[in-house]
>>> print(open('upload.txt').read())   # compact mmCIF, C-alpha atoms
# COMPACT_ATOMS: atom_id res chain seq x y z
CA MET A 475 144.20 94.89 159.62
CA ASN A 476 142.32 91.73 159.12
CA ASP A 477 138.73 92.94 159.44
CA LYS A 478 137.86 92.32 155.85
CA SER A 479 135.24 89.68 156.61
CA LYS A 480 133.56 91.83 159.27
CA ILE A 481 133.37 94.77 156.90
CA VAL A 482 131.89 92.66 154.13
CA ILE A 483 129.28 91.16 156.46
CA GLY A 484 128.44 94.64 157.73
CA LEU A 485 128.11 95.92 154.19
CA ILE A 486 125.79 93.09 153.27
CA ILE A 487 123.59 93.76 156.29
CA PHE A 488 123.59 97.48 155.48
CA LEU A 489 122.58 96.86 151.88
CA ALA A 490 119.88 94.46 152.96
CA ILE A 491 118.36 97.04 155.31
CA ILE A 492 118.61 99.86 152.81
CA THR A 493 116.95 97.88 150.05
CA PHE A 494 114.36 96.32 152.33
CA PRO A 495 111.48 98.51 151.13
CA PHE A 496 112.09 97.35 147.57
CA TRP A 497 112.11 93.66 148.54
CA TYR A 498 109.16 94.11 150.80
CA ASN A 499 106.96 95.73 148.18
CA MET A 500 108.08 93.59 145.26
CA GLY A 501 105.21 92.33 143.19
CA LYS A 502 102.66 94.27 145.20
CA ALA A 503 102.32 97.31 142.93
CA THR A 504 98.68 98.30 142.59
CA SER A 505 97.24 100.12 139.64
CA ALA A 506 96.01 103.67 139.96
CA PRO A 507 92.44 103.78 141.24
CA GLU A 508 89.61 104.99 139.06
CA PRO A 509 87.43 107.58 140.74
CA LYS A 510 83.91 106.25 140.99
CA LEU A 511 81.28 108.55 139.53
CA SER A 512 78.06 108.99 141.40
CA ASP A 513 74.83 108.32 139.53
CA LYS A 514 74.17 112.00 139.37
CA ALA A 515 77.53 112.78 137.82
CA LYS A 516 77.07 109.94 135.34
CA ALA A 517 73.71 111.31 134.32
CA ALA A 518 75.09 114.80 133.88
CA LYS A 519 77.78 113.40 131.55
CA VAL A 520 79.86 116.58 131.55
CA CYS A 521 81.60 118.45 134.33
CA VAL A 522 82.14 122.22 134.21
CA GLU A 523 84.99 121.56 131.78
CA PRO A 524 85.96 118.50 129.67
CA LYS A 525 86.95 115.39 131.59
CA GLU A 526 90.61 115.33 130.57
CA TYR A 527 90.98 118.94 131.55
CA MET A 528 89.33 118.39 134.91
CA LYS A 529 91.61 115.45 135.58
CA ALA A 530 94.70 117.54 135.09
CA GLU A 531 93.59 120.96 136.23
CA HIS A 532 90.81 120.64 138.83
CA MET A 533 93.06 121.99 141.53
CA HIS A 534 93.78 125.12 139.52
CA ILE A 535 90.10 125.63 138.83
CA LEU A 536 89.33 125.32 142.53
CA ASP A 537 92.13 127.70 143.38
CA ASN A 538 90.83 130.27 140.89
CA TRP A 539 87.33 129.83 142.18
CA ARG A 540 88.23 130.43 145.78
CA ASN A 541 90.10 133.61 144.93
CA GLU A 542 87.26 134.94 142.79
CA VAL A 543 84.64 134.17 145.42
CA VAL A 544 86.49 135.34 148.49
CA ARG A 545 88.33 138.32 147.12
CA LYS A 546 86.01 139.64 144.41
CA GLY A 547 82.63 138.19 145.27
CA ASN A 548 82.25 136.59 141.82
CA ARG A 549 80.12 133.52 142.19
CA THR A 550 79.26 132.61 138.63
CA TYR A 551 81.62 130.68 136.38
CA LYS A 552 81.19 130.61 132.61
CA SER A 553 82.83 127.48 131.26
CA SER A 554 84.48 127.11 127.87
CA THR A 555 81.22 125.73 126.52
CA GLY A 556 79.44 128.92 127.52
CA LYS A 557 77.34 127.36 130.25
CA GLU A 558 77.16 129.17 133.58
CA TYR A 559 77.78 127.45 136.87
CA ASN A 560 77.40 128.42 140.47
CA ILE A 561 80.75 128.46 142.21
CA SER A 562 80.60 126.32 145.28
CA LEU A 563 82.58 123.43 146.64
CA SER A 564 80.20 121.81 149.02
CA SER A 565 76.82 123.43 149.35
CA GLY A 566 73.75 123.31 147.20
CA GLU A 567 72.68 121.50 144.07
CA GLU A 568 75.10 123.30 141.83
CA SER A 569 78.30 122.54 143.64
CA CYS A 570 81.16 120.08 143.24
CA LEU A 571 79.85 117.84 145.97
CA GLY A 572 76.27 118.43 144.92
CA CYS A 573 77.05 116.26 141.90
CA HIS A 574 79.97 114.15 143.08
CA THR A 575 78.08 113.14 146.15
CA ASP A 576 80.54 110.59 147.44
CA LYS A 577 83.71 112.34 148.52
CA ALA A 578 85.32 109.11 149.70
CA GLU A 579 84.87 107.40 146.34
CA PHE A 580 85.49 110.39 144.13
CA CYS A 581 88.11 112.55 145.86
CA ASP A 582 89.80 110.54 148.56
CA LYS A 583 90.57 107.46 146.48
CA CYS A 584 93.02 109.21 144.18
CA HIS A 585 94.29 111.64 146.76
CA ASP A 586 95.19 108.76 149.03
CA TYR A 587 96.88 106.89 146.21
CA ALA A 588 98.90 109.94 145.20
CA SER A 589 99.53 110.85 148.83
CA VAL A 590 98.10 114.32 148.33
CA ASN A 591 96.43 115.83 151.36
CA PRO A 592 94.37 118.86 150.46
CA TYR A 593 93.01 120.63 153.51
CA CYS A 594 89.70 121.65 151.92
CA TRP A 595 87.66 119.57 154.34
CA ASP A 596 89.24 121.05 157.44
CA CYS A 597 86.86 123.95 156.87
CA HIS A 598 84.38 123.09 154.13
CA ILE A 599 81.74 120.70 155.28
CA ASP A 600 81.18 117.48 153.39
CA PRO A 601 77.38 117.20 153.35
CA LYS A 602 77.74 113.53 154.27
CA GLU A 603 79.57 114.11 157.51
CA GLU A 604 77.27 116.95 158.41
CA LYS A 605 76.25 116.87 162.06
CA LYS A 606 72.59 117.46 162.61
CA MET B 1149 130.25 120.19 95.25
CA LYS B 1150 133.32 119.89 97.27
CA ASN B 1151 132.80 120.12 100.99
CA SER B 1152 135.50 121.55 103.11
CA ARG B 1153 135.79 120.65 106.77
CA ARG B 1154 134.84 124.26 107.62
CA SER B 1155 131.52 124.18 105.76
CA PHE B 1156 130.69 120.76 107.27
CA LEU B 1157 131.21 122.16 110.77
CA LYS B 1158 129.00 125.14 109.98
CA ILE B 1159 126.13 122.98 108.85
CA ALA B 1160 126.59 120.63 111.79
CA GLY B 1161 126.50 123.59 114.18
CA VAL B 1162 123.33 125.05 112.74
CA SER B 1163 121.55 121.68 112.80
CA ALA B 1164 122.59 121.10 116.41
CA LEU B 1165 121.16 124.51 117.30
CA GLY B 1166 117.94 123.59 115.59
CA LEU B 1167 117.67 120.39 117.57
CA VAL B 1168 118.12 122.31 120.81
CA ILE B 1169 115.64 125.04 119.96
CA LYS B 1170 112.80 122.79 118.79
CA PRO B 1171 111.85 121.42 122.25
CA VAL B 1172 111.95 124.93 123.69
CA PHE B 1173 109.50 126.14 121.07
CA ASN B 1174 107.37 123.13 121.73
CA THR B 1175 107.05 123.95 125.41
CA PHE B 1176 106.13 127.53 124.66
CA ALA B 1177 103.59 126.42 122.13
CA SER B 1178 101.99 123.99 124.56
CA SER B 1179 101.86 126.48 127.39
CA GLU B 1180 100.14 128.98 125.10
CA GLU B 1181 97.64 126.35 124.19
CA HIS B 1182 97.08 125.87 127.89
CA ALA B 1183 96.62 129.54 128.55
CA GLU B 1184 94.07 129.72 125.80
CA HIS B 1185 92.06 126.94 127.34
CA LEU B 1186 92.23 128.58 130.75
CA LYS B 1187 90.38 131.74 129.97
CA PRO B 1188 88.07 131.71 132.95
CA ASP B 1189 85.11 134.00 132.84
CA PHE B 1190 83.75 135.04 136.22
CA SER B 1191 80.91 137.30 137.11
CA LYS B 1192 78.69 138.29 139.99
CA LYS B 1193 75.26 136.77 140.35
CA ASN B 1194 72.46 138.78 138.77
CA ASN B 1195 70.75 139.39 142.08
CA ALA B 1196 73.91 140.28 144.02
CA LEU B 1197 73.69 143.44 146.09
CA THR B 1198 76.36 145.94 145.19
CA GLY B 1199 77.48 149.14 146.80
CA LYS B 1200 80.43 151.49 147.13
CA ARG B 1201 80.67 151.52 150.89
CA TRP B 1202 78.44 149.25 152.87
CA GLY B 1203 77.43 150.59 156.27
CA MET B 1204 75.16 149.83 159.16
CA VAL B 1205 72.99 151.95 161.42
CA ILE B 1206 71.97 150.42 164.74
CA ASP B 1207 68.99 152.04 166.45
CA THR B 1208 69.76 151.46 170.10
CA ARG B 1209 66.44 153.02 171.12
CA LYS B 1210 64.76 149.82 169.99
CA PHE B 1211 66.77 147.67 172.36
CA GLN B 1212 65.75 147.53 175.98
CA SER B 1213 67.69 144.64 177.44
CA GLU B 1214 70.11 141.87 176.64
CA GLU B 1215 67.13 139.68 175.79
CA ASP B 1216 66.50 141.79 172.70
CA LEU B 1217 70.02 141.22 171.45
CA LYS B 1218 70.20 137.51 172.01
CA PRO B 1219 68.20 136.35 168.96
CA ILE B 1220 70.33 138.55 166.72
CA ILE B 1221 73.61 137.20 168.09
CA ASP B 1222 72.34 133.61 167.98
CA ALA B 1223 71.20 133.95 164.37
CA CYS B 1224 74.63 135.17 163.31
CA ASN B 1225 76.40 132.46 165.29
CA SER B 1226 74.36 129.66 163.83
CA ILE B 1227 74.66 130.57 160.15
CA HIS B 1228 78.39 131.23 160.38
CA ASN B 1229 79.27 128.10 162.33
CA ILE B 1230 80.62 130.09 165.24
CA PRO B 1231 81.52 127.67 168.03
CA ASP B 1232 80.49 127.92 171.63
CA LEU B 1233 83.71 126.79 173.28
CA LYS B 1234 82.68 127.45 176.90
CA VAL B 1235 86.16 128.69 177.85
CA LYS B 1236 86.18 132.49 177.93
CA ASN B 1237 89.74 132.75 176.64
CA HIS B 1238 88.91 130.72 173.54
CA GLU B 1239 85.75 132.64 172.74
CA ILE B 1240 84.96 133.48 169.11
CA LYS B 1241 82.93 136.65 168.62
CA TRP B 1242 81.44 138.12 165.47
CA ILE B 1243 78.67 140.22 166.94
CA TRP B 1244 78.29 140.56 170.67
CA GLU B 1245 76.97 142.73 173.46
CA ASP B 1246 78.95 145.32 175.38
CA GLU B 1247 78.22 148.21 177.71
CA TYR B 1248 78.41 151.89 176.84
CA GLU B 1249 81.56 152.61 178.84
CA HIS B 1250 83.51 149.92 177.04
CA ALA B 1251 82.18 150.49 173.57
CA PHE B 1252 82.48 154.27 173.53
CA THR B 1253 85.65 155.00 175.45
CA ASP B 1254 86.04 158.35 173.68
CA SER B 1255 82.98 159.93 175.22
CA GLU B 1256 84.06 161.13 178.60
CA ASN B 1257 80.73 162.40 179.82
CA GLU B 1258 80.38 160.84 183.25
CA TYR B 1259 76.89 162.35 183.56
CA VAL B 1260 75.57 160.66 180.47
CA ASN B 1261 71.87 159.90 180.79
CA GLU B 1262 70.79 156.79 182.65
CA ARG B 1263 69.20 155.06 179.68
CA VAL B 1264 72.35 155.15 177.57
CA LYS B 1265 74.57 154.34 180.53
CA HIS B 1266 72.87 151.00 181.12
CA LEU B 1267 71.91 150.18 177.55
CA PRO B 1268 73.31 146.97 176.07
CA PHE B 1269 75.13 147.83 172.85
CA LEU B 1270 75.53 145.49 169.90
CA VAL B 1271 79.11 145.64 168.73
CA LEU B 1272 80.73 144.05 165.70
CA CYS B 1273 83.50 144.67 163.23
CA ASN B 1274 83.16 148.28 162.12
CA HIS B 1275 84.38 147.66 158.57
CA CYS B 1276 86.40 150.85 158.85
CA ASP B 1277 87.01 153.01 155.83
CA ASP B 1278 90.66 153.16 156.87
CA PRO B 1279 91.17 149.77 158.51
CA PRO B 1280 94.35 149.39 160.57
CA CYS B 1281 94.06 145.58 160.46
CA VAL B 1282 94.53 145.55 156.69
CA ARG B 1283 97.75 147.52 156.98
CA ALA B 1284 99.01 145.21 159.71
CA CYS B 1285 98.36 141.94 157.89
CA PRO B 1286 101.57 140.63 156.35
CA THR B 1287 99.92 138.12 154.02
CA LYS B 1288 96.99 140.23 152.78
CA ALA B 1289 94.68 137.62 154.26
CA THR B 1290 92.56 140.51 155.48
CA PHE B 1291 91.74 143.12 152.89
CA LYS B 1292 89.23 145.83 152.06
CA ARG B 1293 86.96 144.98 149.19
CA GLU B 1294 85.82 147.53 146.61
CA ASP B 1295 82.45 147.73 148.29
CA GLY B 1296 83.99 148.71 151.62
CA ILE B 1297 83.74 145.35 153.37
CA VAL B 1298 86.83 144.44 155.35
CA LEU B 1299 87.08 140.74 154.68
CA MET B 1300 89.14 137.76 155.75
CA ASP B 1301 90.53 135.17 153.38
CA PHE B 1302 90.76 132.27 155.79
CA HIS B 1303 92.84 130.31 153.28
CA ARG B 1304 95.64 132.80 153.59
CA CYS B 1305 95.66 133.58 157.29
CA ILE B 1306 98.81 132.36 159.00
CA GLY B 1307 97.55 133.22 162.47
CA CYS B 1308 100.21 135.81 163.31
CA ARG B 1309 97.52 137.95 165.01
CA PHE B 1310 99.04 141.29 163.98
CA CYS B 1311 95.53 142.29 162.87
CA MET B 1312 94.19 141.57 166.34
CA ALA B 1313 96.80 143.85 167.83
CA ALA B 1314 96.00 146.52 165.26
CA CYS B 1315 92.21 146.46 165.64
CA PRO B 1316 91.19 149.06 168.23
CA TYR B 1317 87.76 147.48 168.67
CA GLY B 1318 88.71 143.95 169.65
CA SER B 1319 86.59 142.73 166.78
CA ARG B 1320 88.82 139.82 165.89
CA SER B 1321 88.98 136.39 167.47
CA PHE B 1322 91.62 133.74 167.22
CA ASN B 1323 90.93 130.03 166.94
CA PHE B 1324 93.10 128.59 169.66
CA ARG B 1325 91.64 125.18 168.96
CA ASP B 1326 89.58 123.27 166.45
CA PRO B 1327 86.16 124.95 166.46
CA ARG B 1328 84.19 122.00 165.11
CA PRO B 1329 83.50 120.24 168.43
CA GLY B 1330 81.99 123.50 169.70
CA ILE B 1331 79.47 123.83 166.88
CA GLU B 1332 76.15 122.34 167.78
CA HIS B 1333 74.43 122.52 164.40
CA GLN B 1334 76.75 122.83 161.45
CA ASN B 1335 75.54 124.95 158.59
CA PRO B 1336 76.89 123.24 155.45
CA ASP B 1337 76.49 126.43 153.42
CA TYR B 1338 79.29 128.16 155.27
CA PRO B 1339 82.70 126.67 156.06
CA THR B 1340 83.99 126.36 159.57
CA ARG B 1341 87.45 127.62 160.42
CA THR B 1342 90.48 125.73 161.60
CA LYS B 1343 92.83 126.07 164.49
CA GLY B 1344 95.29 128.94 164.04
CA VAL B 1345 93.09 131.26 161.99
CA VAL B 1346 91.76 134.70 162.90
CA GLU B 1347 88.14 135.49 162.16
CA LYS B 1348 85.57 138.24 162.48
CA CYS B 1349 82.27 139.56 161.16
CA ASN B 1350 82.14 139.73 157.36
CA PHE B 1351 78.99 141.87 156.95
CA CYS B 1352 77.47 138.66 155.55
CA ALA B 1353 79.36 139.04 152.28
CA GLU B 1354 78.18 135.56 151.32
CA ARG B 1355 74.55 136.64 151.68
CA LEU B 1356 75.00 139.95 149.83
CA ALA B 1357 76.41 137.92 146.93
CA VAL B 1358 73.09 136.13 146.54
CA GLY B 1359 70.90 139.18 147.07
CA LYS B 1360 70.15 138.82 150.76
CA MET B 1361 70.57 141.31 153.59
CA PRO B 1362 72.89 140.45 156.48
CA LYS B 1363 71.33 138.01 158.92
CA CYS B 1364 71.42 140.40 161.89
CA VAL B 1365 69.51 143.00 159.87
CA GLU B 1366 66.95 140.41 158.86
CA VAL B 1367 66.18 139.27 162.41
CA SER B 1368 66.41 142.68 164.11
CA ASN B 1369 62.79 143.76 163.39
CA GLY B 1370 63.98 147.00 161.85
CA ALA B 1371 66.37 147.99 164.62
CA ILE B 1372 69.37 147.55 162.33
CA ALA B 1373 69.57 149.12 158.90
CA PHE B 1374 72.09 148.22 156.25
CA GLY B 1375 72.91 150.01 153.02
CA ASP B 1376 75.30 151.94 150.87
CA LEU B 1377 76.78 154.95 152.67
CA ASP B 1378 77.94 156.27 149.33
CA ASP B 1379 74.42 156.50 147.99
CA PRO B 1380 72.65 159.68 149.22
CA ASP B 1381 69.22 158.08 148.74
CA SER B 1382 69.92 154.91 150.72
CA THR B 1383 68.04 154.07 153.88
CA VAL B 1384 71.15 154.33 156.00
CA ARG B 1385 71.89 157.82 154.75
CA LYS B 1386 68.32 158.83 155.45
CA LEU B 1387 68.59 157.55 159.02
CA LEU B 1388 71.89 159.35 159.48
CA LYS B 1389 70.35 162.57 158.21
CA GLU B 1390 67.39 162.41 160.55
CA ASN B 1391 69.00 161.14 163.73
CA TYR B 1392 71.92 161.95 165.96
CA THR B 1393 74.43 159.14 165.65
CA ILE B 1394 77.71 158.21 167.28
CA ARG B 1395 80.54 155.95 166.21
CA ARG B 1396 83.04 153.99 168.23
CA LYS B 1397 86.40 155.67 168.93
CA PRO B 1398 86.19 158.28 166.17
CA SER B 1399 89.34 160.00 167.42
CA LEU B 1400 91.44 157.13 166.05
CA GLY B 1401 90.58 158.12 162.49
CA THR B 1402 89.61 154.66 161.30
CA HIS B 1403 86.21 155.92 160.07
CA PRO B 1404 83.95 153.09 161.20
CA SER B 1405 81.01 152.19 158.96
CA VAL B 1406 78.79 151.21 161.88
CA PHE B 1407 76.71 154.00 163.38
CA TYR B 1408 74.63 154.05 166.56
CA ILE B 1409 71.49 156.10 167.05
CA VAL B 1410 71.33 156.93 170.75
>>> encode(input="upload.txt", output="structure tokens")
Amino acid sequence: MNDKSKIVIGLIIFLAIITFPFWYNMGKATSAPEPKLSDKAKAAKVCVEPKEYMKAEHMHILDNWRNEVVRKGNRTYKSSTGKEYNISLSSGEESCLGCHTDKAEFCDKCHDYASVNPYCWDCHIDPKEEKK
Amino acid sequence: MKNSRRSFLKIAGVSALGLVIKPVFNTFASSEEHAEHLKPDFSKKNNALTGKRWGMVIDTRKFQSEEDLKPIIDACNSIHNIPDLKVKNHEIKWIWEDEYEHAFTDSENEYVNERVKHLPFLVLCNHCDDPPCVRACPTKATFKREDGIVLMDFHRCIGCRFCMAACPYGSRSFNFRDPRPGIEHQNPDYPTRTKGVVEKCNFCAERLAVGKMPKCVEVSNGAIAFGDLDDPDSTVRKLLKENYTIRRKPSLGTHPSVFYIV
């Protein structure tokens, strides 16, 4: 039983492989991207709800919206400020993408960073990629 | 005051309990705060058309040939992003043309008059009052709305196709492949579907919501009427009162909401 050296070498190689991703990415950490507001969104100043709330809860709002529209036919949303909005993701002036016109800069940037892959655009049409 | 070991332990115990409970209360408090903020208020648009049971009356006397049906079918296809996939097996149909013998299998009159026998019939989802597809759907992706429209929630469909097996009218189509390449002109106002989802006519629910009549009604030059079957004064009820109408496969008891004047 004199394989001590072989075992140690094997262990070292094993550890090196296992920890490779950490070595490889060392010092390369990037900061979280800032979504870029379109001129239109900047001019509007406010979204349907306050910014902080939208940051944390936009997915829940969208989820609620889709249920209300599809299942109940409710297409008007009254925000906490009392203003009424048309419920739409991608079409028309009063829609999410009507204001945040650049999906790549506004949605995709963060979603890519966080590795979140919503399937909204499998069906909903981004006006930019619209085929004429 | 002289503290005994017993009283010290008591106080220590109560304080420890307090320390444990505080964070729990905090979470409850914050979630309530959340719930208060999320008090969404939804409503229908002011001009939305509402009814108790939407129905359709198709006057087949105003259709002579397939040519008359084509513009209606094309209009529906283009606004709903229905693909033309060329392969018959992959076909998606919302409103299409069929012959009398296929559409009305219940009527066994082999001596039916020549006009009706060779008439092209427009067929679509019947938005049954007792829809078998809704009962068959395990995820409630297809459901009957309060206004009688049998609707699909494409977000929820898992593509099991039980509804297709349940529908006696063949009104449902399955997306065997990505429909987007088959759509010539995409209409950004209506989403496309994805592979693995069932779809069918929705009585233009998205148009009713903004105060418009279904597209097929709009382009039919008065051959198709749409209205509330529950309202005795509606145009559809008037047409039903004045004309002899038939429905598809009435013996199945699904109570279709689409009527045909023959």
>>> atom_distance(input="upload.txt", atom1="atom CA of B:Asp1207", atom2="atom CA of B:Gly1370")
8.5 Å
>>> residues_near_point(input="upload.txt", point="(84.7, 118.9, 166.5)", cutoff="12 Å", atoms="only C-alpha atoms", output="VMD selection string")
(chain A and resid 596 to 597 599 603 to 605) or (chain B and resid 1229 to 1233 1325 to 1334 1340 to 1343)
>>> atom_distance(input="upload.txt", atom1="atom CA of B:Val1346", atom2="atom CA of B:Phe1302")
7.6 Å
>>> closest_residue(input="upload.txt", among="B:Lys1193, B:Arg1283, B:Arg1154, B:Arg1396", to="B:Ala1313", atoms="all atoms listed in the file")
B:Arg1283
>>> closest_residue(input="upload.txt", among="A:Thr575, A:Ser589, A:Thr504, A:Ser564", to="chain B", atoms="only C-alpha atoms")
A:Ser564
>>> interface_residues(input="upload.txt", of="chain A", to="chain B", cutoff="9 Å", atoms="only C-alpha atoms", output="short mmCIF file (atom, residue, chain, number, x, y, z; two decimals) with C-alpha atoms, in the coordinates of the input")
data_model
loop_
_atom_site.label_atom_id
_atom_site.label_comp_id
_atom_site.auth_asym_id
_atom_site.auth_seq_id
_atom_site.Cartn_x
_atom_site.Cartn_y
_atom_site.Cartn_z
CA ILE A 535 90.10 125.63 138.83
CA ASN A 538 90.83 130.27 140.89
CA TRP A 539 87.33 129.83 142.18
CA ARG A 540 88.23 130.43 145.78
CA ASN A 541 90.10 133.61 144.93
CA GLU A 542 87.26 134.94 142.79
CA VAL A 543 84.64 134.17 145.42
CA VAL A 544 86.49 135.34 148.49
CA ARG A 545 88.33 138.32 147.12
CA LYS A 546 86.01 139.64 144.41
CA GLY A 547 82.63 138.19 145.27
CA ASN A 548 82.25 136.59 141.82
CA ARG A 549 80.12 133.52 142.19
CA THR A 550 79.26 132.61 138.63
CA TYR A 551 81.62 130.68 136.38
CA LYS A 552 81.19 130.61 132.61
CA SER A 553 82.83 127.48 131.26
CA SER A 554 84.48 127.11 127.87
CA ASN A 560 77.40 128.42 140.47
CA SER A 564 80.20 121.81 149.02
CA SER A 565 76.82 123.43 149.35
CA GLY A 566 73.75 123.31 147.20
CA TRP A 595 87.66 119.57 154.34
CA ASP A 596 89.24 121.05 157.44
CA CYS A 597 86.86 123.95 156.87
CA HIS A 598 84.38 123.09 154.13
CA ILE A 599 81.74 120.70 155.28
CA ASP A 600 81.18 117.48 153.39
CA PRO A 601 77.38 117.20 153.35
CA GLU A 604 77.27 116.95 158.41
CA LYS A 605 76.25 116.87 162.06
CA LYS A 606 72.59 117.46 162.61
#
>>> axis_aligned_box(input="upload.txt", around="stretch 489-493 of chain A", padding_each_side="8 Å", output="lines of an AutoDock Vina configuration file")
center_x = 119.8
center_y = 97.2
center_z = 152.7
size_x = 21.6
size_y = 21.4
size_z = 21.3
>>> decode(input="upload.txt", residues="stretch 1389-1400 of chain B", atoms="N, CA, C and O atoms", output="mmCIF file, in the first residue's frame")
data_model
loop_
_atom_site.group_PDB
_atom_site.id
_atom_site.type_symbol
_atom_site.label_atom_id
_atom_site.label_comp_id
_atom_site.auth_asym_id
_atom_site.auth_seq_id
_atom_site.Cartn_x
_atom_site.Cartn_y
_atom_site.Cartn_z
ATOM 1 N N LYS B 1389 -85.936 34.386 -34.964
ATOM 2 C CA LYS B 1389 -87.395 34.369 -34.881
ATOM 3 C C LYS B 1389 -88.018 34.295 -36.273
ATOM 4 O O LYS B 1389 -89.028 33.648 -36.494
ATOM 5 N N GLU B 1390 -87.367 34.988 -37.214
ATOM 6 C CA GLU B 1390 -87.971 35.139 -38.534
ATOM 7 C C GLU B 1390 -87.556 34.067 -39.531
ATOM 8 O O GLU B 1390 -88.165 33.932 -40.582
ATOM 9 N N ASN B 1391 -86.490 33.344 -39.219
ATOM 10 C CA ASN B 1391 -85.987 32.386 -40.212
ATOM 11 C C ASN B 1391 -85.871 30.983 -39.617
ATOM 12 O O ASN B 1391 -85.769 30.816 -38.402
ATOM 13 N N TYR B 1392 -85.874 30.009 -40.528
ATOM 14 C CA TYR B 1392 -85.635 28.647 -40.090
ATOM 15 C C TYR B 1392 -84.129 28.440 -40.017
ATOM 16 O O TYR B 1392 -83.395 28.700 -40.971
ATOM 17 N N THR B 1393 -83.664 27.999 -38.849
ATOM 18 C CA THR B 1393 -82.217 27.845 -38.686
ATOM 19 C C THR B 1393 -81.873 26.431 -38.240
ATOM 20 O O THR B 1393 -82.690 25.746 -37.618
ATOM 21 N N ILE B 1394 -80.654 26.030 -38.570
ATOM 22 C CA ILE B 1394 -80.164 24.737 -38.095
ATOM 23 C C ILE B 1394 -78.834 24.948 -37.366
ATOM 24 O O ILE B 1394 -78.167 25.968 -37.563
ATOM 25 N N ARG B 1395 -78.507 23.973 -36.518
ATOM 26 C CA ARG B 1395 -77.225 24.011 -35.832
ATOM 27 C C ARG B 1395 -76.485 22.715 -36.125
ATOM 28 O O ARG B 1395 -77.085 21.724 -36.533
ATOM 29 N N ARG B 1396 -75.199 22.725 -35.880
ATOM 30 C CA ARG B 1396 -74.409 21.528 -36.157
ATOM 31 C C ARG B 1396 -74.545 20.517 -35.026
ATOM 32 O O ARG B 1396 -74.418 20.855 -33.860
ATOM 33 N N LYS B 1397 -74.806 19.273 -35.386
ATOM 34 C CA LYS B 1397 -74.868 18.149 -34.450
ATOM 35 C C LYS B 1397 -75.631 18.447 -33.150
ATOM 36 O O LYS B 1397 -75.089 18.305 -32.050
ATOM 37 N N PRO B 1398 -76.893 18.879 -33.281
ATOM 38 C CA PRO B 1398 -77.640 19.219 -32.067
ATOM 39 C C PRO B 1398 -77.870 18.023 -31.153
ATOM 40 O O PRO B 1398 -78.039 18.184 -29.945
ATOM 41 N N SER B 1399 -77.854 16.808 -31.717
ATOM 42 C CA SER B 1399 -78.160 15.631 -30.904
ATOM 43 C C SER B 1399 -77.114 15.379 -29.827
ATOM 44 O O SER B 1399 -77.345 14.620 -28.893
ATOM 45 N N LEU B 1400 -75.953 16.027 -29.931
ATOM 46 C CA LEU B 1400 -74.910 15.799 -28.935
ATOM 47 C C LEU B 1400 -75.140 16.609 -27.665
ATOM 48 O O LEU B 1400 -74.463 16.412 -26.658
#
